[in-house]
Amino acid sequence: MKRGHLPPLPVGCALTVLLGVLIVASAHVGSTGTYDFRTTLRGILALCGLAEPIPGSVQTIIEVRLWRTLVAVGVGGALAYSGALLQGVFRNGLASPAVLGITSGASLGAAIAILLVGGYGSTLFLEYASGLAPILVTTFGFIGALGVAALVTGIASTGGRVSVPTLLLVGIAVNVCLAGILAAIQSLVLVDKFEIAKAIFAWTFGNLTDRSPYQVGLIAAGVGLAALVMPFVAVELDLFAGGEEDAEALGVNTLRVKLLALSAAALAAASAVAAAGQIAFVGLVVPHLVRLLTGTSHRSLLPLSLIGGAVFLLGADLAQRLLLGSAALRPGVLMSLVGGPFFLLLLLTMRKEMRTW
């Protein structure tokens with residue numbers, strides 16, 4: 001641990017406690033009013049089978065709020081974890097699922113699945129797919145995310161080495177192209193299938209309302225599987241800091257590490273998009289904040305980004321609900337307002353480094 005950085009364990013404990021407080025507070029606040037914390041805690045315990053359910057509609061309201069809360073926790077953690085992996089693989093602080101177009105790819109994949117299940121597929125396909133709609137949306141989202149990750153990396157690579165400026169430019173170009181395709185799909189579908197167009201729109205700007213246990217299970221499974229990669233890449237990503245050639249000289253199988261890390265990053269980002277739609281900049285901002293606190297070691301950066309992302313998105317969502325009430329912004333819009341200026345600030349602070357790219 002370098003001078004000026006905090007020990008990772010106390011930071012992790014503090015973030016975990018803060019996350020617990022935010023979860024209870026988020027279940028406590030909503031457009032239908034607030035309950036005392038004792039009632040909220042009882043509702044949460046009842047959902048876990050540790051207490052008697054609250055009579056009337058109060059239990060249902062608390063459960064609906066809790067699903068939203070848990071989805072925000074999972075999505076924030078998934079995006080931040082994905083961003084930390086991508087920044088480690090490409091050795092660049094500007095890399096993130098949104099900047100490289102991975103979340104846009106997942107959104108396009110999800111939109112195609114929505115179109116197929118929503119009535120644009122063949123009759124035989126619709127007959128078999130109607131009950132598998134959530135799985136199809138997730139699968140298509142993952143394929144889209146992984147496809148964009150492979151495309152961007154492939155175009156930006158020369159002789160097995162990734163050019164950072166090319167990577168970022170390709171990511172921007174892919175984002176623009178996919179945004180245009182999504183807009184075209186929405187415009188065409190809007191003519192005769194408004195509900196499908198509305199669902200695609202929700203994926204484009206993110207949505208945390210009306211979440212269910214399915215979305216909670218979906219993001220939990222995606223993050224859980226992606227997190228399994230952590231012990232197999234954390235140390236190796238630290239060795240990537242000196243360049244892939246130096247890492248290979250130290251015995252690191254760079255191809256294996258990149259494949260594992262990119263697959264995990266794509267899975268985490270796709271799960272987040274499938275659960276709540278496209279939410280930008282969480283994967284860019286949170287890893288930088290964690291590095292400021294505890295340093296650059298991926299053994300602490302990856303798990304702390306996971307927890308920190310959950311705290312960041314849930315805290316931002318709770319704050320805007322308290323301030324704006326029923327006029328609260330979509331999470332994708334909110335994170336763009338927060339992350340856009342941060343991205344510009346990051347570009348300004350990295351000007352000297354960018355001259356050497």
# chains A, B, ... in the order shown; residues from 1 in each chain; ligands from 1

call {"tool": "select_by_dssp", "arguments": {"residues": "range 125-324 of chain A", "states": "strand (DSSP E or B)", "output": "list in words"}}
result
Ser157, Thr158, Arg161 and Val162 of chain A

call {"tool": "residues_around", "arguments": {"residues": "Thr40 in chain A", "least_positions_apart": "5", "cutoff": "10 Å", "atoms": "only C-alpha atoms", "output": "ChimeraX atom specification"}}
result
/A:24-29,34-35,45-46,54,58-59,61-63,66

call {"tool": "select_by_dssp", "arguments": {"residues": "range 124-318 of chain A", "states": "helix (DSSP H, G or I)", "output": "NGL selection string"}}
result
:A and (124-156 or 164-190 or 194-205 or 213-227 or 230-240 or 244-249 or 254-276 or 282-294 or 298-318)

call {"tool": "residues_around", "arguments": {"residues": "Ala272 in chain A", "least_positions_apart": "3", "cutoff": "7 Å", "atoms": "only C-alpha atoms", "output": "ChimeraX atom specification"}}
result
/A:75,78-79,219,268-269,275-277

call {"tool": "closest_residue", "arguments": {"among": "A:Gln320, A:Gln87, A:Thr69, A:Asn175", "to": "Leu22 in chain A", "atoms": "only C-alpha atoms"}}
result
A:Thr69

call {"tool": "closest_atom_pairs", "arguments": {"of": "range 147-202 of chain A", "to": "range 90-94 of chain A", "cutoff": "8 Å", "atoms": "only C-alpha atoms", "output": "Markdown table"}}
result
| residue | atom | partner | partner_atom | distance |
| --- | --- | --- | --- | --- |
| A:Val162 | CA | A:Phe90 | CA | 7.3 |
| A:Val164 | CA | A:Phe90 | CA | 7.3 |
| A:Leu168 | CA | A:Leu94 | CA | 7.9 |

call {"tool": "closest_atom_pairs", "arguments": {"of": "range 48-155 of chain A", "to": "range 286-305 of chain A", "cutoff": "8 Å", "atoms": "only C-alpha atoms", "output": "tab-separated table"}}
result
residue	atom	partner	partner_atom	distance
A:Gly77	CA	A:Ser305	CA	6.8
A:Ala80	CA	A:Ser305	CA	5.5
A:Tyr81	CA	A:Ser305	CA	5.5
A:Gly83	CA	A:Pro287	CA	6.9
A:Ala84	CA	A:Pro287	CA	5.5
A:Leu85	CA	A:Leu302	CA	7.3
A:Gly88	CA	A:His298	CA	7.9
A:Gly93	CA	A:His288	CA	7.5

call {"tool": "closest_residue", "arguments": {"among": "A:Ala14, A:Leu41, A:Val152, A:Ala221", "to": "Ala274 in chain A", "atoms": "only C-alpha atoms"}}
result
A:Ala221

call {"tool": "residues_around", "arguments": {"residues": "Val252 in chain A", "least_positions_apart": "6", "cutoff": "9 Å", "atoms": "only C-alpha atoms", "output": "ChimeraX atom specification"}}
result
/A:236,239-240,244,246

call {"tool": "write_last_selection", "arguments": {"atoms": "N, CA and C atoms", "output": "compact mmCIF listing (two decimals), in the first residue's frame"}}
result
# COMPACT_ATOMS: atom_id res chain seq x y z
N GLU A 236 -2.54 -11.14 -12.37
CA GLU A 236 -2.05 -10.99 -13.74
C GLU A 236 -2.31 -9.58 -14.29
N LEU A 239 0.31 -7.23 -13.38
CA LEU A 239 1.51 -7.38 -14.20
C LEU A 239 1.32 -6.77 -15.59
N PHE A 240 0.06 -6.61 -16.02
CA PHE A 240 -0.22 -5.97 -17.31
C PHE A 240 0.20 -4.51 -17.31
N GLU A 244 2.14 -5.84 -22.10
CA GLU A 244 1.92 -7.27 -22.31
C GLU A 244 3.22 -8.03 -22.50
N ASP A 246 6.16 -7.44 -21.09
CA ASP A 246 6.74 -7.67 -19.78
C ASP A 246 5.96 -8.74 -19.02

call {"tool": "residues_around", "arguments": {"residues": "Arg330 in chain A", "least_positions_apart": "4", "cutoff": "12 Å", "atoms": "only C-alpha atoms", "output": "MDAnalysis selection string"}}
result
chainID A and resid 201:209 276:280 313 316:317 320:321 324 326 334:337

call {"tool": "write_last_selection", "arguments": {"atoms": "N, CA and C atoms", "output": "compact mmCIF listing (two decimals), in the first residue's frame"}}
result
# COMPACT_ATOMS: atom_id res chain seq x y z
N PHE A 201 -37.16 1.69 -25.69
CA PHE A 201 -36.77 3.00 -25.15
C PHE A 201 -36.30 2.87 -23.71
N ALA A 202 -37.02 2.05 -22.92
CA ALA A 202 -36.63 1.84 -21.52
C ALA A 202 -35.24 1.23 -21.43
N TRP A 203 -34.90 0.35 -22.36
CA TRP A 203 -33.57 -0.24 -22.36
C TRP A 203 -32.50 0.79 -22.72
N THR A 204 -32.86 1.74 -23.56
CA THR A 204 -31.89 2.73 -24.02
C THR A 204 -31.46 3.69 -22.92
N PHE A 205 -32.38 4.09 -22.05
CA PHE A 205 -32.07 5.08 -21.01
C PHE A 205 -32.12 4.51 -19.60
N GLY A 206 -32.27 3.22 -19.48
CA GLY A 206 -32.27 2.59 -18.16
C GLY A 206 -33.60 2.72 -17.44
N ASN A 207 -33.90 1.75 -16.61
CA ASN A 207 -35.16 1.76 -15.88
C ASN A 207 -35.01 0.92 -14.61
N LEU A 208 -35.29 1.53 -13.46
CA LEU A 208 -35.24 0.80 -12.19
C LEU A 208 -36.63 0.62 -11.57
N THR A 209 -37.65 1.18 -12.19
CA THR A 209 -39.00 1.04 -11.65
C THR A 209 -39.62 -0.28 -12.10
N ALA A 276 -31.73 -3.75 -16.18
CA ALA A 276 -32.16 -2.35 -15.99
C ALA A 276 -31.95 -1.45 -17.19
N GLY A 277 -31.51 -1.99 -18.32
CA GLY A 277 -31.27 -1.14 -19.47
C GLY A 277 -29.87 -0.52 -19.45
N GLN A 278 -29.63 0.39 -20.36
CA GLN A 278 -28.31 0.99 -20.54
C GLN A 278 -28.09 2.15 -19.58
N ILE A 279 -27.08 2.02 -18.73
CA ILE A 279 -26.73 3.07 -17.76
C ILE A 279 -25.24 3.35 -17.92
N ALA A 280 -24.91 4.55 -18.34
CA ALA A 280 -23.52 4.88 -18.69
C ALA A 280 -22.74 5.41 -17.50
N LEU A 313 -24.43 3.83 -7.42
CA LEU A 313 -25.69 3.91 -8.16
C LEU A 313 -26.89 3.99 -7.22
N ALA A 316 -26.96 7.49 -5.62
CA ALA A 316 -27.42 8.51 -6.57
C ALA A 316 -28.92 8.39 -6.81
N ASP A 317 -29.40 7.16 -6.94
CA ASP A 317 -30.83 6.95 -7.17
C ASP A 317 -31.65 7.39 -5.96
N GLN A 320 -31.72 11.33 -5.72
CA GLN A 320 -32.62 12.00 -6.65
C GLN A 320 -34.08 11.72 -6.32
N ARG A 321 -34.39 10.55 -5.77
CA ARG A 321 -35.77 10.26 -5.36
C ARG A 321 -36.19 11.15 -4.20
N LEU A 324 -36.31 14.84 -6.02
CA LEU A 324 -37.24 15.06 -7.14
C LEU A 324 -38.56 14.33 -6.99
N SER A 326 -41.56 12.04 -7.54
CA SER A 326 -42.11 11.34 -8.71
C SER A 326 -41.51 11.84 -10.02
N LEU A 334 -29.51 10.24 -15.43
CA LEU A 334 -28.84 10.73 -14.22
C LEU A 334 -27.34 10.46 -14.26
N MET A 335 -26.96 9.25 -14.63
CA MET A 335 -25.53 8.90 -14.65
C MET A 335 -24.79 9.64 -15.76
N SER A 336 -25.48 9.95 -16.85
CA SER A 336 -24.84 10.75 -17.91
C SER A 336 -24.56 12.17 -17.43
N LEU A 337 -25.48 12.73 -16.66
CA LEU A 337 -25.28 14.07 -16.10
C LEU A 337 -24.12 14.09 -15.12

call {"tool": "decode", "arguments": {"residues": "range 189-335 of chain A", "atoms": "C-alpha atoms", "output": "short mmCIF file (atom, residue, chain, number, x, y, z; two decimals), in the first residue's frame"}}
result
data_model
loop_
_atom_site.label_atom_id
_atom_site.label_comp_id
_atom_site.auth_asym_id
_atom_site.auth_seq_id
_atom_site.Cartn_x
_atom_site.Cartn_y
_atom_site.Cartn_z
CA VAL A 189 -41.58 -0.16 -34.53
CA LEU A 190 -43.36 2.92 -33.15
CA VAL A 191 -45.63 2.94 -36.20
CA ASP A 192 -47.61 -0.18 -35.25
CA LYS A 193 -46.25 -1.59 -31.97
CA PHE A 194 -46.03 1.20 -29.41
CA GLU A 195 -45.51 -1.07 -26.38
CA ILE A 196 -42.48 -2.75 -27.97
CA ALA A 197 -41.02 0.65 -28.89
CA LYS A 198 -41.60 1.76 -25.30
CA ALA A 199 -39.76 -1.33 -23.98
CA ILE A 200 -36.80 -0.65 -26.27
CA PHE A 201 -36.77 3.00 -25.15
CA ALA A 202 -36.63 1.84 -21.52
CA TRP A 203 -33.57 -0.24 -22.36
CA THR A 204 -31.89 2.73 -24.02
CA PHE A 205 -32.07 5.08 -21.01
CA GLY A 206 -32.27 2.59 -18.16
CA ASN A 207 -35.16 1.76 -15.88
CA LEU A 208 -35.24 0.80 -12.19
CA THR A 209 -39.00 1.04 -11.65
CA ASP A 210 -41.34 -1.97 -11.66
CA ARG A 211 -38.51 -4.41 -11.03
CA SER A 212 -39.29 -7.96 -9.91
CA PRO A 213 -37.55 -10.94 -8.27
CA TYR A 214 -36.65 -12.09 -11.79
CA GLN A 215 -34.42 -9.07 -12.44
CA VAL A 216 -32.86 -9.49 -9.00
CA GLY A 217 -32.05 -13.14 -9.73
CA LEU A 218 -30.79 -12.26 -13.20
CA ILE A 219 -28.29 -9.64 -12.07
CA ALA A 220 -27.24 -11.78 -9.09
CA ALA A 221 -26.48 -14.73 -11.38
CA GLY A 222 -24.61 -12.57 -13.90
CA VAL A 223 -22.48 -10.82 -11.29
CA GLY A 224 -21.86 -14.08 -9.44
CA LEU A 225 -20.56 -15.83 -12.56
CA ALA A 226 -18.47 -12.83 -13.62
CA ALA A 227 -16.96 -12.56 -10.14
CA LEU A 228 -15.69 -16.16 -10.35
CA VAL A 229 -13.02 -14.88 -12.75
CA MET A 230 -11.59 -12.49 -10.14
CA PRO A 231 -9.00 -14.78 -8.50
CA PHE A 232 -7.74 -15.94 -11.91
CA VAL A 233 -6.97 -12.47 -13.32
CA ALA A 234 -6.34 -10.09 -10.39
CA VAL A 235 -2.59 -10.67 -9.99
CA GLU A 236 -2.05 -10.99 -13.74
CA LEU A 237 -3.75 -7.65 -14.42
CA ASP A 238 -1.30 -6.00 -12.02
CA LEU A 239 1.51 -7.38 -14.20
CA PHE A 240 -0.22 -5.97 -17.31
CA ALA A 241 0.61 -2.46 -16.05
CA GLY A 242 4.14 -2.74 -17.45
CA GLY A 243 2.89 -3.90 -20.85
CA GLU A 244 1.92 -7.27 -22.31
CA GLU A 245 5.49 -8.10 -23.35
CA ASP A 246 6.74 -7.67 -19.78
CA ALA A 247 3.81 -9.71 -18.47
CA GLU A 248 4.58 -12.52 -20.92
CA ALA A 249 8.24 -12.42 -19.86
CA LEU A 250 7.05 -13.02 -16.29
CA GLY A 251 5.12 -16.12 -17.40
CA VAL A 252 1.64 -14.64 -17.81
CA ASN A 253 -0.58 -16.17 -20.49
CA THR A 254 -1.87 -12.82 -21.74
CA LEU A 255 -4.34 -14.33 -24.21
CA ARG A 256 -6.01 -16.38 -21.46
CA VAL A 257 -6.17 -13.39 -19.11
CA LYS A 258 -7.66 -11.11 -21.78
CA LEU A 259 -10.22 -13.74 -22.79
CA LEU A 260 -11.32 -14.36 -19.19
CA ALA A 261 -11.41 -10.67 -18.26
CA LEU A 262 -13.24 -9.54 -21.41
CA SER A 263 -15.78 -12.38 -21.11
CA ALA A 264 -16.43 -11.51 -17.46
CA ALA A 265 -16.71 -7.80 -18.28
CA ALA A 266 -19.14 -8.53 -21.13
CA LEU A 267 -21.23 -10.88 -18.95
CA ALA A 268 -21.44 -8.34 -16.11
CA ALA A 269 -22.36 -5.50 -18.49
CA ALA A 270 -24.91 -7.64 -20.37
CA SER A 271 -26.55 -8.74 -17.11
CA ALA A 272 -26.79 -5.10 -16.01
CA VAL A 273 -28.37 -4.06 -19.31
CA ALA A 274 -30.80 -7.02 -19.26
CA ALA A 275 -31.88 -6.14 -15.70
CA ALA A 276 -32.16 -2.35 -15.99
CA GLY A 277 -31.27 -1.14 -19.47
CA GLN A 278 -28.31 0.99 -20.54
CA ILE A 279 -26.73 3.07 -17.76
CA ALA A 280 -23.52 4.88 -18.69
CA PHE A 281 -20.43 6.05 -16.80
CA VAL A 282 -20.75 3.95 -13.60
CA GLY A 283 -18.02 1.70 -14.98
CA LEU A 284 -15.83 4.73 -15.71
CA VAL A 285 -16.21 6.72 -12.49
CA VAL A 286 -16.19 4.13 -9.70
CA PRO A 287 -12.85 2.35 -10.45
CA HIS A 288 -11.11 5.75 -10.41
CA LEU A 289 -12.62 6.63 -7.04
CA VAL A 290 -11.54 3.26 -5.63
CA ARG A 291 -7.97 3.77 -6.92
CA LEU A 292 -7.85 7.16 -5.19
CA LEU A 293 -8.79 5.47 -1.91
CA THR A 294 -6.84 2.20 -1.93
CA GLY A 295 -4.39 2.19 -4.85
CA THR A 296 -4.11 0.28 -8.12
CA SER A 297 -3.77 -3.36 -7.01
CA HIS A 298 -6.51 -5.38 -8.73
CA ARG A 299 -6.70 -7.74 -5.75
CA SER A 300 -8.47 -4.94 -3.90
CA LEU A 301 -9.66 -2.86 -6.87
CA LEU A 302 -11.97 -5.52 -8.33
CA PRO A 303 -13.95 -6.43 -5.17
CA LEU A 304 -14.07 -2.82 -3.94
CA SER A 305 -15.31 -1.64 -7.35
CA LEU A 306 -18.08 -4.23 -7.06
CA ILE A 307 -19.20 -2.87 -3.68
CA GLY A 308 -18.43 0.76 -4.57
CA GLY A 309 -20.50 0.60 -7.76
CA ALA A 310 -23.49 -0.65 -5.78
CA VAL A 311 -23.09 2.21 -3.28
CA PHE A 312 -22.62 4.77 -6.07
CA LEU A 313 -25.69 3.91 -8.16
CA LEU A 314 -28.00 3.22 -5.21
CA GLY A 315 -26.87 6.40 -3.44
CA ALA A 316 -27.42 8.51 -6.57
CA ASP A 317 -30.83 6.95 -7.17
CA LEU A 318 -31.89 7.46 -3.54
CA ALA A 319 -30.67 11.07 -3.53
CA GLN A 320 -32.62 12.00 -6.65
CA ARG A 321 -35.77 10.26 -5.36
CA LEU A 322 -35.54 12.32 -2.17
CA LEU A 323 -34.97 15.55 -4.11
CA LEU A 324 -37.24 15.06 -7.14
CA GLY A 325 -39.86 12.60 -5.91
CA SER A 326 -42.11 11.34 -8.71
CA ALA A 327 -40.19 13.53 -11.21
CA ALA A 328 -37.01 11.46 -10.70
CA LEU A 329 -34.88 11.01 -13.82
CA ARG A 330 -34.16 7.71 -15.52
CA PRO A 331 -30.90 6.23 -14.18
CA GLY A 332 -29.22 6.42 -17.58
CA VAL A 333 -29.95 10.14 -17.82
CA LEU A 334 -28.84 10.73 -14.22
CA MET A 335 -25.53 8.90 -14.65
#
